[in-house]
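In what follows, a single structure is set out as C-alpha cells and then discussed.
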Amino acid sequence: MTDEERAFYYFEGQEGVKARLFANENPFGPSEKAIAAITNSLKDSYMYPFDERAELQRKIAAYEGVSEDFILLGSGSTQLLMAAGVAFGMKGGEIVISHPTFDSLPKYAEGVGGKLVKVEVDSGLKQQLGKMADAVNGKTSLVYTVNPMNPTGTQVSGKEMRDFCNSVSDKAPVFVDEAYIDYHPEGLKASTISCVQQGKNVIVCKTFSKVHGFAGLRVGYCVAKPDLLAKMKPFSTGGFDLSRPAVLAATASVDDKAFLSMSVQQTEESKQLLYKGLKAVGANVIPSFTNFAMFPIDMNGSTFLSRMKEKGVLVRSWNFKNQDWCRVSIGRKDEMEAFNKALAQVV
Ligand code: PLP
C-alpha cells in the first residue's frame, strides 16, 4: 500500500477512533437475518456458490421486476463501475459526467484512454441534467449520473431523472448509479428501473454496501437489457466473484423490508443530530438525501481533516467551486455526538 493510500484509508491510529465517518458505511447493518445466513454458510464455504448465486440473481430480478438475464452481479458495485468504465471508455469513448461526481467509473474510463466531458453542478451542488443532455453528441459513448449524488448528497426527482434517461438514452446509453436510492425522499419510486423495464438504453447500478450495510461483504448489481450487459461482461469476473457468505447474506437481505426501513429511519435520526451540531457552529450544510452530508469549511481541507482526526473523528474533504468542503458520513448517534463535539472545538 502506498503512503497516499494509507493516508486516505486511515489505517494508522484506528485505536483512538471515536467516529468512523469517511466512507459512507452504514453501521446499522448488516441485518440479523444476513448475519445468521453468513454464520450458517461458513461450514459449506469450501464450495463455490454456483446454485446459490443463481438463486440470488433470481431473487434480485424478482425484486426489480425484470427477467434474470437483465441482472449482472458484482462483488460490490465498484467492480461493475470498472466494467462499465472500461467497456465504454476504451477506444477513446467520451463519457459525460457531472463535476464533482463519484469518480470510480470516470477514473477507470480514463485509465483505458476514455475522455471525460464534465458538467459543473449548480450553485446548490445539484447536477445540471439539462446541460448534461446538451453535452451529448455523436461521440458520446456513455452518460454517467448518480442519484442521489456522492459527494454532494443532493438529489433530483425521480420524474426529472426518468425524463432525462428517456430522452438522452436514444442518443447514448445512460448509466444511473443508484447506490443511495433508498435514502431518496421518494424512496424506490425515484428509481429509473422503469426505464430499463420499458426497453430503454439505461443501466441502473445498485449496491448492498449502503442501506443493507454490506460494505465489507461486497455485493452489487446492474440492471439493464442483455445487449448492454454483454458490453460489460467481458470485464466482469462472472461466476467466481462473490463469496458464499456474501451471496447467502444478500439473498437473506434483498427484500427484508422491515430491516431496510429501520436502516433508513436510524440514518435519519442520526442525520438530525448532525444537523443540530452543524447549526450550532453556523455551518451551511447542503441538504442531504443520502447517508452523508457536505458543508463548506473555512480552512484548508487537509488541515481540517488532521484536526478532526486528532480528536478521533475521521471525515473527508473536497475542493471544488474554489471552496473546501467536508463530507461527513452518517453513523451511529454516539458517532454524531463525537463529531459535533470535535467540530465545535475545531472550527
Ligand atoms: N457508487 C457510489 C455513488 C458510491 O458512493 C459508492 C461508494 O461509496 C459506490 C458506488 C461503490 O460502492 P461499492 O463498491 O461498495 O458497492
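Labeling convention for the C-alpha cells: chains A, B, ... as they appear, residues from 1 per chain, ligands from 1 in order of appearance.
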
> What residues have any atom no more than 10 Å from ligand 1 when counting only C-alpha atoms and all ligand atoms, and can you list them as a VMD selection string?
Replying inline: chain A and resid 22 to 25 74 to 82 101 to 105 145 to 151 153 176 to 181 205 to 210 213 to 221 290 to 292

>> Need to verify the contact set: range 55-65 of chain A, 12 Å, only C-alpha atoms, exclusion of same-chain residues closer than 2 positions in sequence. Can you return it as number ranges by chain?
In response: A: 49-53, 67-74, 188-189, 191-198, 204-208, 219-224, 239, 242, 244-257

>> Run DSSP on the backbone and tell me which residues of range 61-99 of chain A come out as alpha helix (DSSP H); list them as a ChimeraX atom specification.
In response: /A:61-64,77-89

>> With DSSP run on the backbone, what are the strand (DSSP E or B) residues within range 19-220 of chain A? I'd like them as a ChimeraX atom specification.
In response: /A:19-20,71-74,94-99,115-120,140-146,174-177,202-207,220

>> Need the shell around range 270-282 of chain A: protein/DNA/RNA residues with any atom at most 9 Å away, counting only C-alpha atoms. Skip same-chain ones fewer than 3 positions apart. Format as a PyMOL selection string?
In response: chain A and resi 265-267+285+288+291-293+295+330-337+339-341+343-344+347

> What separation in Å, quoted to one decimal, exists between CA of Thr237 in chain A and CA of Gly89 in chain A?
Replying inline: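 That distance, rounded to one decimal, is 18.3 Å.
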